[in-house]
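File shown here: run.cif, holding mmCIF, C-alpha atoms, pLDDT in the B column; chains and numbers go by the auth columns.
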data_protein
loop_
_atom_site.group_PDB
_atom_site.id
_atom_site.type_symbol
_atom_site.label_atom_id
_atom_site.label_comp_id
_atom_site.label_asym_id
_atom_site.label_seq_id
_atom_site.Cartn_x
_atom_site.Cartn_y
_atom_site.Cartn_z
_atom_site.B_iso_or_equiv
_atom_site.auth_seq_id
_atom_site.auth_asym_id
ATOM 1 C CA MET A 1 9.222 -16.669 16.578 88.00 1 U
ATOM 2 C CA LYS A 2 6.913 -13.731 15.928 95.00 2 U
ATOM 3 C CA LYS A 3 7.083 -12.197 12.460 98.00 3 U
ATOM 4 C CA PHE A 4 5.881 -8.617 11.995 98.00 4 U
ATOM 5 C CA ILE A 5 4.645 -7.218 8.673 98.00 5 U
ATOM 6 C CA PHE A 6 3.890 -3.508 8.338 98.00 6 U
ATOM 7 C CA ASP A 7 2.226 -1.364 5.732 98.00 7 U
ATOM 8 C CA VAL A 8 3.915 2.072 5.559 97.00 8 U
ATOM 9 C CA ASP A 9 1.579 4.942 4.549 94.00 9 U
ATOM 10 C CA GLY A 10 -0.965 5.551 7.297 95.00 10 U
ATOM 11 C CA THR A 11 0.532 2.759 9.415 98.00 11 U
ATOM 12 C CA LEU A 12 4.124 3.797 10.163 98.00 12 U
ATOM 13 C CA THR A 13 3.972 7.306 8.701 97.00 13 U
ATOM 14 C CA PRO A 14 1.435 9.962 7.773 93.00 14 U
ATOM 15 C CA SER A 15 0.287 9.262 4.225 82.00 15 U
ATOM 16 C CA ARG A 16 3.203 10.134 1.881 81.00 16 U
ATOM 17 C CA GLY A 17 4.937 11.763 4.864 92.00 17 U
ATOM 18 C CA ARG A 18 8.125 11.207 6.889 96.00 18 U
ATOM 19 C CA ILE A 19 8.019 9.038 9.988 98.00 19 U
ATOM 20 C CA ASP A 20 7.653 10.932 13.268 97.00 20 U
ATOM 21 C CA GLN A 21 11.088 11.401 14.847 97.00 21 U
ATOM 22 C CA SER A 22 10.154 9.948 18.231 97.00 22 U
ATOM 23 C CA PHE A 23 8.395 6.977 16.669 98.00 23 U
ATOM 24 C CA GLU A 24 11.353 6.472 14.320 98.00 24 U
ATOM 25 C CA HIS A 25 13.662 6.067 17.315 98.00 25 U
ATOM 26 C CA TYR A 26 11.267 3.551 18.915 98.00 26 U
ATOM 27 C CA PHE A 27 10.622 1.635 15.689 98.00 27 U
ATOM 28 C CA TRP A 28 14.321 1.371 14.822 98.00 28 U
ATOM 29 C CA GLY A 29 14.844 -0.282 18.203 97.00 29 U
ATOM 30 C CA PHE A 30 11.907 -2.598 17.483 97.00 30 U
ATOM 31 C CA VAL A 31 13.417 -3.577 14.105 97.00 31 U
ATOM 32 C CA GLN A 32 16.711 -4.454 15.773 97.00 32 U
ATOM 33 C CA LEU A 33 14.989 -6.783 18.242 96.00 33 U
ATOM 34 C CA ASN A 34 12.394 -8.420 15.968 97.00 34 U
ATOM 35 C CA LYS A 35 11.892 -9.972 12.529 97.00 35 U
ATOM 36 C CA VAL A 36 10.210 -7.196 10.521 98.00 36 U
ATOM 37 C CA TRP A 37 8.999 -6.980 6.920 98.00 37 U
ATOM 38 C CA LEU A 38 7.589 -3.923 5.105 98.00 38 U
ATOM 39 C CA VAL A 39 4.928 -4.064 2.366 98.00 39 U
ATOM 40 C CA THR A 40 3.767 -0.888 0.638 95.00 40 U
ATOM 41 C CA GLY A 41 2.219 0.302 -2.593 91.00 41 U
ATOM 42 C CA SER A 42 4.947 2.941 -2.956 90.00 42 U
ATOM 43 C CA ASP A 43 8.268 2.504 -4.734 93.00 43 U
ATOM 44 C CA TYR A 44 11.549 2.032 -2.875 96.00 44 U
ATOM 45 C CA PRO A 45 12.878 5.622 -3.220 96.00 45 U
ATOM 46 C CA LYS A 46 9.658 6.915 -1.633 95.00 46 U
ATOM 47 C CA THR A 47 9.854 4.376 1.201 97.00 47 U
ATOM 48 C CA LEU A 48 13.493 5.325 1.764 97.00 48 U
ATOM 49 C CA GLU A 49 12.439 8.969 1.990 97.00 49 U
ATOM 50 C CA GLN A 50 9.702 8.112 4.483 97.00 50 U
ATOM 51 C CA LEU A 51 11.519 5.704 6.793 98.00 51 U
ATOM 52 C CA GLY A 52 15.230 6.324 6.230 97.00 52 U
ATOM 53 C CA LYS A 53 18.050 3.999 5.226 97.00 53 U
ATOM 54 C CA ASP A 54 18.530 2.328 8.624 97.00 54 U
ATOM 55 C CA ILE A 55 14.968 1.017 8.807 98.00 55 U
ATOM 56 C CA CYS A 56 14.660 0.137 5.098 98.00 56 U
ATOM 57 C CA GLU A 57 17.883 -1.868 5.188 97.00 57 U
ATOM 58 C CA GLY A 58 17.390 -3.148 8.733 98.00 58 U
ATOM 59 C CA VAL A 59 14.168 -5.050 8.014 98.00 59 U
ATOM 60 C CA VAL A 60 14.259 -8.589 6.627 98.00 60 U
ATOM 61 C CA THR A 61 12.702 -7.564 3.299 98.00 61 U
ATOM 62 C CA CYS A 62 11.124 -4.427 1.868 98.00 62 U
ATOM 63 C CA TYR A 63 8.256 -5.310 -0.486 98.00 63 U
ATOM 64 C CA ASN A 64 7.533 -2.286 -2.664 96.00 64 U
ATOM 65 C CA CYS A 65 4.798 -1.718 -5.250 93.00 65 U
ATOM 66 C CA SER A 66 2.577 -4.219 -3.378 92.00 66 U
ATOM 67 C CA GLY A 67 5.273 -6.885 -3.528 95.00 67 U
ATOM 68 C CA ASN A 68 6.084 -6.437 -7.213 93.00 68 U
ATOM 69 C CA ASP A 69 9.471 -4.841 -6.498 95.00 69 U
ATOM 70 C CA VAL A 70 11.461 -6.524 -3.737 97.00 70 U
ATOM 71 C CA PHE A 71 14.497 -5.128 -1.897 97.00 71 U
ATOM 72 C CA PHE A 72 16.952 -6.751 0.504 97.00 72 U
ATOM 73 C CA LYS A 73 19.449 -4.506 2.302 96.00 73 U
ATOM 74 C CA GLY A 74 18.781 -1.762 -0.250 95.00 74 U
ATOM 75 C CA LYS A 75 19.317 -3.936 -3.321 96.00 75 U
ATOM 76 C CA ARG A 76 16.608 -5.111 -5.704 96.00 76 U
ATOM 77 C CA VAL A 77 16.261 -8.899 -5.665 96.00 77 U
ATOM 78 C CA ASN A 78 13.071 -9.363 -7.697 93.00 78 U
ATOM 79 C CA CYS A 79 10.721 -7.259 -9.811 93.00 79 U
ATOM 80 C CA SER A 80 7.757 -7.469 -12.189 92.00 80 U
ATOM 81 C CA ASP A 81 7.760 -6.362 -15.829 88.00 81 U
ATOM 82 C CA PHE A 82 4.007 -5.526 -15.909 90.00 82 U
ATOM 83 C CA SER A 83 2.943 -2.405 -17.797 90.00 83 U
ATOM 84 C CA LEU A 84 -0.542 -0.898 -18.023 93.00 84 U
ATOM 85 C CA PRO A 85 -2.378 -1.896 -21.235 94.00 85 U
ATOM 86 C CA ASP A 86 -3.382 1.004 -23.488 95.00 86 U
ATOM 87 C CA PHE A 87 -7.113 0.235 -23.220 94.00 87 U
ATOM 88 C CA ALA A 88 -6.950 0.400 -19.414 96.00 88 U
ATOM 89 C CA ARG A 89 -4.989 3.647 -19.574 97.00 89 U
ATOM 90 C CA GLN A 90 -7.623 5.148 -21.855 97.00 90 U
ATOM 91 C CA TRP A 91 -10.369 4.061 -19.449 97.00 91 U
ATOM 92 C CA LEU A 92 -8.588 5.816 -16.574 98.00 92 U
ATOM 93 C CA GLU A 93 -8.070 8.964 -18.660 97.00 93 U
ATOM 94 C CA ASP A 94 -11.794 8.963 -19.439 97.00 94 U
ATOM 95 C CA GLU A 95 -12.489 8.590 -15.716 97.00 95 U
ATOM 96 C CA LEU A 96 -10.515 11.774 -15.107 96.00 96 U
ATOM 97 C CA ILE A 97 -12.896 13.561 -17.454 96.00 97 U
ATOM 98 C CA ARG A 98 -15.978 11.994 -15.858 96.00 98 U
ATOM 99 C CA SER A 99 -15.095 12.873 -12.252 97.00 99 U
ATOM 100 C CA PRO A 100 -17.059 15.817 -10.797 97.00 100 U
ATOM 101 C CA PHE A 101 -14.002 16.759 -8.713 97.00 101 U
ATOM 102 C CA SER A 102 -12.545 19.495 -10.892 95.00 102 U
ATOM 103 C CA LEU A 103 -9.073 20.103 -9.391 96.00 103 U
ATOM 104 C CA ARG A 104 -6.218 18.507 -11.371 97.00 104 U
ATOM 105 C CA THR A 105 -2.544 18.780 -10.400 97.00 105 U
ATOM 106 C CA GLY A 106 -0.853 16.320 -12.774 95.00 106 U
ATOM 107 C CA ASN A 107 0.715 12.853 -12.507 96.00 107 U
ATOM 108 C CA HIS A 108 -2.647 11.091 -12.403 97.00 108 U
ATOM 109 C CA ILE A 109 -1.456 7.724 -13.748 97.00 109 U
ATOM 110 C CA GLU A 110 1.842 6.788 -12.112 93.00 110 U
ATOM 111 C CA GLU A 111 3.362 3.551 -13.382 90.00 111 U
ATOM 112 C CA ARG A 112 5.397 1.616 -10.840 87.00 112 U
ATOM 113 C CA ARG A 113 7.096 -1.760 -10.899 86.00 113 U
ATOM 114 C CA GLY A 114 4.274 -4.243 -11.394 87.00 114 U
ATOM 115 C CA SER A 115 1.504 -1.794 -10.525 87.00 115 U
ATOM 116 C CA VAL A 116 -0.068 1.580 -11.278 92.00 116 U
ATOM 117 C CA ASN A 117 -1.309 4.301 -8.950 93.00 117 U
ATOM 118 C CA PHE A 118 -4.294 6.288 -10.232 97.00 118 U
ATOM 119 C CA SER A 119 -5.319 9.581 -8.627 97.00 119 U
ATOM 120 C CA ILE A 120 -8.078 11.979 -9.668 98.00 120 U
ATOM 121 C CA VAL A 121 -6.481 14.974 -7.939 97.00 121 U
ATOM 122 C CA GLY A 122 -2.998 13.873 -9.039 97.00 122 U
ATOM 123 C CA ARG A 123 0.136 12.971 -7.151 93.00 123 U
ATOM 124 C CA ASN A 124 1.523 16.483 -7.661 95.00 124 U
ATOM 125 C CA ALA A 125 -1.081 17.838 -5.235 96.00 125 U
ATOM 126 C CA ASN A 126 0.103 19.755 -2.181 95.00 126 U
ATOM 127 C CA GLN A 127 -1.351 18.934 1.237 93.00 127 U
ATOM 128 C CA GLN A 128 -4.157 21.492 0.962 96.00 128 U
ATOM 129 C CA GLU A 129 -5.192 20.089 -2.424 97.00 129 U
ATOM 130 C CA ARG A 130 -4.953 16.524 -1.093 95.00 130 U
ATOM 131 C CA ASN A 131 -7.123 17.468 1.892 95.00 131 U
ATOM 132 C CA ALA A 132 -9.766 18.877 -0.450 97.00 132 U
ATOM 133 C CA TYR A 133 -9.946 15.578 -2.310 98.00 133 U
ATOM 134 C CA ILE A 134 -9.823 13.492 0.879 96.00 134 U
ATOM 135 C CA HIS A 135 -12.892 15.366 2.177 97.00 135 U
ATOM 136 C CA TYR A 136 -14.651 14.993 -1.186 98.00 136 U
ATOM 137 C CA ASP A 137 -13.913 11.264 -1.317 97.00 137 U
ATOM 138 C CA ILE A 138 -15.096 10.644 2.260 96.00 138 U
ATOM 139 C CA VAL A 139 -18.452 12.165 1.342 97.00 139 U
ATOM 140 C CA ASN A 140 -18.802 10.749 -2.178 97.00 140 U
ATOM 141 C CA LYS A 141 -16.777 7.509 -1.899 96.00 141 U
ATOM 142 C CA GLU A 142 -15.521 8.111 -5.417 98.00 142 U
ATOM 143 C CA ARG A 143 -12.473 5.870 -5.186 97.00 143 U
ATOM 144 C CA LYS A 144 -14.541 2.879 -4.056 95.00 144 U
ATOM 145 C CA SER A 145 -16.943 3.509 -6.937 97.00 145 U
ATOM 146 C CA ILE A 146 -14.141 3.761 -9.514 97.00 146 U
ATOM 147 C CA ALA A 147 -12.480 0.605 -8.163 96.00 147 U
ATOM 148 C CA ARG A 148 -15.751 -1.321 -8.249 95.00 148 U
ATOM 149 C CA THR A 149 -16.444 -0.313 -11.869 97.00 149 U
ATOM 150 C CA PHE A 150 -12.836 -0.922 -12.933 97.00 150 U
ATOM 151 C CA ASN A 151 -12.910 -4.417 -11.450 95.00 151 U
ATOM 152 C CA TYR A 152 -16.207 -5.167 -13.203 95.00 152 U
ATOM 153 C CA VAL A 153 -14.763 -4.083 -16.563 95.00 153 U
ATOM 154 C CA PHE A 154 -11.215 -5.412 -16.273 95.00 154 U
ATOM 155 C CA GLY A 155 -11.501 -8.200 -13.714 91.00 155 U
ATOM 156 C CA THR A 156 -12.397 -10.864 -16.253 87.00 156 U
ATOM 157 C CA GLU A 157 -10.163 -13.890 -16.733 77.00 157 U
ATOM 158 C CA SER A 158 -8.934 -12.576 -20.086 79.00 158 U
ATOM 159 C CA LEU A 159 -8.066 -9.054 -18.861 88.00 159 U
ATOM 160 C CA GLY A 160 -7.087 -9.946 -15.294 94.00 160 U
ATOM 161 C CA LEU A 161 -6.646 -6.517 -13.665 95.00 161 U
ATOM 162 C CA HIS A 162 -7.703 -5.425 -10.189 93.00 162 U
ATOM 163 C CA ALA A 163 -7.991 -2.062 -8.400 94.00 163 U
ATOM 164 C CA THR A 164 -7.989 -1.356 -4.660 89.00 164 U
ATOM 165 C CA VAL A 165 -8.198 1.842 -2.627 91.00 165 U
ATOM 166 C CA GLY A 166 -4.700 2.850 -1.492 85.00 166 U
ATOM 167 C CA GLY A 167 -3.375 5.734 0.585 82.00 167 U
ATOM 168 C CA GLU A 168 -5.618 8.791 0.921 88.00 168 U
ATOM 169 C CA THR A 169 -6.166 9.905 -2.675 95.00 169 U
ATOM 170 C CA GLY A 170 -5.352 7.036 -5.026 94.00 170 U
ATOM 171 C CA LEU A 171 -6.104 3.579 -6.353 94.00 171 U
ATOM 172 C CA ASP A 172 -3.562 0.774 -6.732 91.00 172 U
ATOM 173 C CA ILE A 173 -3.976 -1.245 -9.925 93.00 173 U
ATOM 174 C CA HIS A 174 -2.185 -4.506 -10.706 90.00 174 U
ATOM 175 C CA PRO A 175 -2.709 -7.915 -12.289 93.00 175 U
ATOM 176 C CA ILE A 176 -5.051 -10.126 -10.275 92.00 176 U
ATOM 177 C CA GLY A 177 -3.085 -11.920 -7.567 89.00 177 U
ATOM 178 C CA LYS A 178 -0.146 -9.524 -7.783 92.00 178 U
ATOM 179 C CA ASP A 179 -1.298 -7.616 -4.713 93.00 179 U
ATOM 180 C CA LYS A 180 0.158 -7.532 -1.213 96.00 180 U
ATOM 181 C CA SER A 181 -0.997 -11.086 -0.538 96.00 181 U
ATOM 182 C CA GLN A 182 1.684 -12.439 -2.885 96.00 182 U
ATOM 183 C CA ILE A 183 4.370 -11.828 -0.259 97.00 183 U
ATOM 184 C CA LEU A 184 3.042 -14.799 1.711 97.00 184 U
ATOM 185 C CA ASP A 185 4.879 -17.029 -0.743 96.00 185 U
ATOM 186 C CA ASP A 186 7.899 -16.207 1.438 97.00 186 U
ATOM 187 C CA PHE A 187 6.199 -17.325 4.671 97.00 187 U
ATOM 188 C CA ASN A 188 4.995 -20.627 6.103 96.00 188 U
ATOM 189 C CA ILE A 189 1.346 -21.245 6.936 96.00 189 U
ATOM 190 C CA ASP A 190 2.201 -22.055 10.561 96.00 190 U
ATOM 191 C CA ASP A 191 4.233 -18.849 11.122 97.00 191 U
ATOM 192 C CA GLU A 192 3.121 -16.509 13.904 97.00 192 U
ATOM 193 C CA ILE A 193 2.481 -13.418 11.775 98.00 193 U
ATOM 194 C CA HIS A 194 1.374 -10.008 13.040 98.00 194 U
ATOM 195 C CA PHE A 195 0.242 -7.703 10.213 98.00 195 U
ATOM 196 C CA PHE A 196 -0.429 -3.986 10.721 98.00 196 U
ATOM 197 C CA GLY A 197 -2.251 -1.920 8.095 97.00 197 U
ATOM 198 C CA ASP A 198 -4.641 0.996 7.797 96.00 198 U
ATOM 199 C CA LYS A 199 -6.534 -0.406 4.772 93.00 199 U
ATOM 200 C CA THR A 200 -7.212 -3.989 5.908 96.00 200 U
ATOM 201 C CA LEU A 201 -10.978 -3.778 5.339 93.00 201 U
ATOM 202 C CA GLU A 202 -12.494 -5.047 2.092 90.00 202 U
ATOM 203 C CA GLY A 203 -11.685 -2.736 -0.826 86.00 203 U
ATOM 204 C CA GLY A 204 -8.454 -1.443 0.719 89.00 204 U
ATOM 205 C CA ASN A 205 -5.023 -2.346 -0.604 90.00 205 U
ATOM 206 C CA ASP A 206 -4.130 -4.165 2.653 96.00 206 U
ATOM 207 C CA TRP A 207 -7.266 -6.318 2.377 94.00 207 U
ATOM 208 C CA PRO A 208 -5.891 -9.056 0.067 94.00 208 U
ATOM 209 C CA LEU A 209 -3.074 -9.792 2.527 97.00 209 U
ATOM 210 C CA ALA A 210 -5.326 -9.479 5.587 97.00 210 U
ATOM 211 C CA ASN A 211 -7.918 -11.750 3.994 97.00 211 U
ATOM 212 C CA LYS A 212 -5.391 -14.415 3.006 97.00 212 U
ATOM 213 C CA LEU A 213 -3.978 -14.422 6.528 98.00 213 U
ATOM 214 C CA LYS A 214 -7.344 -15.781 7.714 96.00 214 U
ATOM 215 C CA ASN A 215 -6.030 -19.131 6.478 96.00 215 U
ATOM 216 C CA TYR A 216 -2.947 -18.847 8.708 98.00 216 U
ATOM 217 C CA PRO A 217 -3.894 -20.245 12.144 97.00 217 U
ATOM 218 C CA ASN A 218 -1.275 -18.249 14.064 97.00 218 U
ATOM 219 C CA ALA A 219 -1.713 -14.937 12.232 98.00 219 U
ATOM 220 C CA LYS A 220 -3.228 -11.765 13.622 97.00 220 U
ATOM 221 C CA VAL A 221 -4.268 -8.655 11.668 98.00 221 U
ATOM 222 C CA TYR A 222 -4.335 -5.178 13.229 98.00 222 U
ATOM 223 C CA GLN A 223 -6.491 -2.525 11.558 98.00 223 U
ATOM 224 C CA VAL A 224 -4.869 0.747 12.656 98.00 224 U
ATOM 225 C CA ASN A 225 -6.052 4.331 12.480 96.00 225 U
ATOM 226 C CA ASP A 226 -2.610 5.897 12.047 97.00 226 U
ATOM 227 C CA TRP A 227 1.044 5.541 13.138 98.00 227 U
ATOM 228 C CA ARG A 228 0.166 6.596 16.696 98.00 228 U
ATOM 229 C CA HIS A 229 -2.259 3.690 16.941 98.00 229 U
ATOM 230 C CA THR A 230 0.463 1.344 15.614 98.00 230 U
ATOM 231 C CA TRP A 231 2.856 2.627 18.275 98.00 231 U
ATOM 232 C CA GLU A 232 0.297 2.013 21.037 97.00 232 U
ATOM 233 C CA LEU A 233 -0.279 -1.535 19.845 98.00 233 U
ATOM 234 C CA LEU A 234 3.436 -2.304 19.611 97.00 234 U
ATOM 235 C CA LYS A 235 3.962 -1.122 23.173 94.00 235 U
ATOM 236 C CA GLU A 236 1.215 -3.508 24.319 91.00 236 U
ATOM 237 C CA ILE A 237 2.746 -6.409 22.385 86.00 237 U
ATOM 238 C CA ALA A 238 6.257 -5.650 23.621 73.00 238 U
#

Could the structure of this file be written out as structure tokens, please?
Amino acid sequence: MKKFIFDVDGTLTPSRGRIDQSFEHYFWGFVQLNKVWLVTGSDYPKTLEQLGKDICEGVVTCYNCSGNDVFFKGKRVNCSDFSLPDFARQWLEDELIRSPFSLRTGNHIEERRGSVNFSIVGRNANQQERNAYIHYDIVNKERKSIARTFNYVFGTESLGLHATVGGETGLDIHPIGKDKSQILDDFNIDDEIHFFGDKTLEGGNDWPLANKLKNYPNAKVYQVNDWRHTWELLKEIA
């Protein structure tokens, strides 16, 4: 039996946005006919806002906060008690000062269950402000640079933290190993797994799961451009 795992932001929806109405109708039908799991860096209330109750409760499991907060039929069944150490928080606050991108909108360090989202522009940014940072980051690759330095500083065995590029404006930070790849503890190595994500390349927050799936002989990873690309691929598979 085929098992389908989907990232949410940039894969099923526009980043931080609501699922397209036509695609929602198609995807709800797909969920009813197939075994589907969701894995996202966002928390459950945000995923519920993006996909709606039917889809969130219709899938087998909804892995939020990169698998650190797990929901089944709308009810939490497992969660992490990780919190960001003060020295790491201070480093991120210093990074806000160091960044040449001057616009700040607030909510730059958002603590979630088992993970933290860090954003230079801030998660309070409107779409125009987000677009300004997206353009800046494409040119300057700031997020990749911050993640690389963070992992050099905090990725030691004693500190054990890791950062990956997530969404369009942020970084996802979590203990090493507590990334999206941890959800594979709930799967078998011989399962036929189809994973769809928009950040499956190295450095992205879908990469740890995509990379680990290389060890699964019947797994296939789909690097998608957006939800429209996901829809096209699903039609081909169906």

| message | Counting all atoms listed in the file, I want the residues whose atoms come within 9 Å of (-3.2, -17.2, 5.3) in the file frame, returned as a list of chain:residue names. | response |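 Selection result: U:Ser181, U:Leu184, U:Asn188, U:Ile189, U:Asp190, U:Leu209, U:Ala210, U:Asn211, U:Lys212, U:Leu213, U:Lys214, U:Asn215, U:Tyr216, U:Pro217, U:Ala219.
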
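Minimum distance to U:Val60 across U:Ser99, U:Asn218, U:Ser158, U:Asn34 (counting only C-alpha atoms) occurs at U:Asn34.
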
| Gap from atom CA of U:Leu201 to atom CA of U:Leu38 - Å, one decimal | 18.6 Å

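Nearest to U:Ala88 of all the residues U:Leu233, U:Glu57, U:Phe118, U:Asp7 is U:Phe118, counting all atoms listed in the file.
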
| Within 10 Å of U:Asn78, counting all atoms listed in the file, which residues qualify if same-chain residues fewer than 6 places away don't, as a ChimeraX atom specification? | /U:63,67-72

| query | Which residues come within 9 Å of U:Val39, counting all atoms listed in the file, excluding same-chain residues fewer than 5 positions away, as a ChimeraX atom specification? | reply | /U:5-8,61-67,180,183

| said: Please enumerate the residues selected by the PyMOL selection byres ((chain U and resi 11-16) around 10) when evaluated against the supplied file, formatted as a PyMOL selection string. | reply: chain U and resi 6-10+17-20+23-24+27+38+42+46-47+49-51+123+127+166-169+196-199+223-231

Kindly provide the residues of stretch 157-183 of chain U that approach stretch 140-149 of chain U to within 7 Å, each paired with its closest atom pair and their distance in Å to one decimal, based on all atoms listed in the file, listed by chain and increasing number, as JSON lines.
{"residue": "U:Ala163", "atom": "CA", "partner": "U:Ala147", "partner_atom": "CA", "distance": 5.2}
{"residue": "U:Thr164", "atom": "CA", "partner": "U:Ala147", "partner_atom": "CA", "distance": 6.0}
{"residue": "U:Val165", "atom": "CA", "partner": "U:Arg143", "partner_atom": "CA", "distance": 6.4}
{"residue": "U:Leu171", "atom": "CA", "partner": "U:Arg143", "partner_atom": "CA", "distance": 6.9}

Since the input is missing atoms, can you rebuild N, CA and C atoms for stretch 155-177 of chain U and write them as a PDB file, in the coordinates of the input?
ATOM      1  N   GLY U 155     -11.791  -7.064 -14.584  1.00 91.00           N
ATOM      2  CA  GLY U 155     -11.501  -8.200 -13.714  1.00 91.00           C
ATOM      3  C   GLY U 155     -11.839  -9.549 -14.304  1.00 91.00           C
ATOM      4  N   THR U 156     -12.091  -9.586 -15.606  1.00 87.00           N
ATOM      5  CA  THR U 156     -12.397 -10.864 -16.253  1.00 87.00           C
ATOM      6  C   THR U 156     -11.133 -11.707 -16.361  1.00 87.00           C
ATOM      7  N   GLU U 157     -11.311 -12.994 -16.638  1.00 77.00           N
ATOM      8  CA  GLU U 157     -10.163 -13.890 -16.733  1.00 77.00           C
ATOM      9  C   GLU U 157      -9.212 -13.476 -17.849  1.00 77.00           C
ATOM     10  N   SER U 158      -9.772 -12.942 -18.949  1.00 79.00           N
ATOM     11  CA  SER U 158      -8.934 -12.576 -20.086  1.00 79.00           C
ATOM     12  C   SER U 158      -8.148 -11.286 -19.853  1.00 79.00           C
ATOM     13  N   LEU U 159      -8.736 -10.343 -19.098  1.00 88.00           N
ATOM     14  CA  LEU U 159      -8.066  -9.054 -18.861  1.00 88.00           C
ATOM     15  C   LEU U 159      -7.254  -9.088 -17.565  1.00 88.00           C
ATOM     16  N   GLY U 160      -7.829  -9.623 -16.511  1.00 94.00           N
ATOM     17  CA  GLY U 160      -7.087  -9.946 -15.294  1.00 94.00           C
ATOM     18  C   GLY U 160      -6.459  -8.789 -14.545  1.00 94.00           C
ATOM     19  N   LEU U 161      -7.168  -7.646 -14.438  1.00 95.00           N
ATOM     20  CA  LEU U 161      -6.646  -6.517 -13.665  1.00 95.00           C
ATOM     21  C   LEU U 161      -7.539  -6.253 -12.467  1.00 95.00           C
ATOM     22  N   HIS U 162      -6.947  -5.673 -11.419  1.00 93.00           N
ATOM     23  CA  HIS U 162      -7.703  -5.425 -10.189  1.00 93.00           C
ATOM     24  C   HIS U 162      -7.274  -4.094  -9.580  1.00 93.00           C
ATOM     25  N   ALA U 163      -8.247  -3.358  -9.039  1.00 94.00           N
ATOM     26  CA  ALA U 163      -7.991  -2.062  -8.400  1.00 94.00           C
ATOM     27  C   ALA U 163      -8.432  -2.091  -6.947  1.00 94.00           C
ATOM     28  N   THR U 164      -7.629  -1.499  -6.068  1.00 89.00           N
ATOM     29  CA  THR U 164      -7.989  -1.356  -4.660  1.00 89.00           C
ATOM     30  C   THR U 164      -7.708   0.071  -4.220  1.00 89.00           C
ATOM     31  N   VAL U 165      -8.425   0.514  -3.195  1.00 91.00           N
ATOM     32  CA  VAL U 165      -8.198   1.842  -2.627  1.00 91.00           C
ATOM     33  C   VAL U 165      -6.888   1.825  -1.855  1.00 91.00           C
ATOM     34  N   GLY U 166      -5.997   2.788  -2.163  1.00 85.00           N
ATOM     35  CA  GLY U 166      -4.700   2.850  -1.492  1.00 85.00           C
ATOM     36  C   GLY U 166      -4.369   4.262  -1.062  1.00 85.00           C
ATOM     37  N   GLY U 167      -3.731   4.407   0.103  1.00 82.00           N
ATOM     38  CA  GLY U 167      -3.375   5.734   0.585  1.00 82.00           C
ATOM     39  C   GLY U 167      -4.618   6.569   0.849  1.00 82.00           C
ATOM     40  N   GLU U 168      -4.508   7.887   0.636  1.00 88.00           N
ATOM     41  CA  GLU U 168      -5.618   8.791   0.921  1.00 88.00           C
ATOM     42  C   GLU U 168      -6.287   9.336  -0.333  1.00 88.00           C
ATOM     43  N   THR U 169      -5.595   9.284  -1.478  1.00 95.00           N
ATOM     44  CA  THR U 169      -6.166   9.905  -2.675  1.00 95.00           C
ATOM     45  C   THR U 169      -6.127   9.010  -3.911  1.00 95.00           C
ATOM     46  N   GLY U 170      -5.572   7.813  -3.820  1.00 94.00           N
ATOM     47  CA  GLY U 170      -5.352   7.036  -5.026  1.00 94.00           C
ATOM     48  C   GLY U 170      -5.968   5.651  -5.033  1.00 94.00           C
ATOM     49  N   LEU U 171      -5.759   4.980  -6.173  1.00 94.00           N
ATOM     50  CA  LEU U 171      -6.104   3.579  -6.353  1.00 94.00           C
ATOM     51  C   LEU U 171      -4.842   2.837  -6.785  1.00 94.00           C
ATOM     52  N   ASP U 172      -4.649   1.633  -6.278  1.00 91.00           N
ATOM     53  CA  ASP U 172      -3.562   0.774  -6.732  1.00 91.00           C
ATOM     54  C   ASP U 172      -4.125  -0.249  -7.706  1.00 91.00           C
ATOM     55  N   ILE U 173      -3.509  -0.350  -8.871  1.00 93.00           N
ATOM     56  CA  ILE U 173      -3.976  -1.245  -9.925  1.00 93.00           C
ATOM     57  C   ILE U 173      -2.856  -2.212 -10.291  1.00 93.00           C
ATOM     58  N   HIS U 174      -3.193  -3.491 -10.431  1.00 90.00           N
ATOM     59  CA  HIS U 174      -2.185  -4.506 -10.706  1.00 90.00           C
ATOM     60  C   HIS U 174      -2.867  -5.736 -11.288  1.00 90.00           C
ATOM     61  N   PRO U 175      -2.109  -6.656 -11.854  1.00 93.00           N
ATOM     62  CA  PRO U 175      -2.709  -7.915 -12.289  1.00 93.00           C
ATOM     63  C   PRO U 175      -3.321  -8.652 -11.097  1.00 93.00           C
ATOM     64  N   ILE U 176      -4.400  -9.358 -11.337  1.00 92.00           N
ATOM     65  CA  ILE U 176      -5.051 -10.126 -10.275  1.00 92.00           C
ATOM     66  C   ILE U 176      -4.044 -11.085  -9.637  1.00 92.00           C
ATOM     67  N   GLY U 177      -4.004 -11.060  -8.312  1.00 89.00           N
ATOM     68  CA  GLY U 177      -3.085 -11.920  -7.567  1.00 89.00           C
ATOM     69  C   GLY U 177      -1.748 -11.284  -7.278  1.00 89.00           C
TER      70      GLY U 177
END
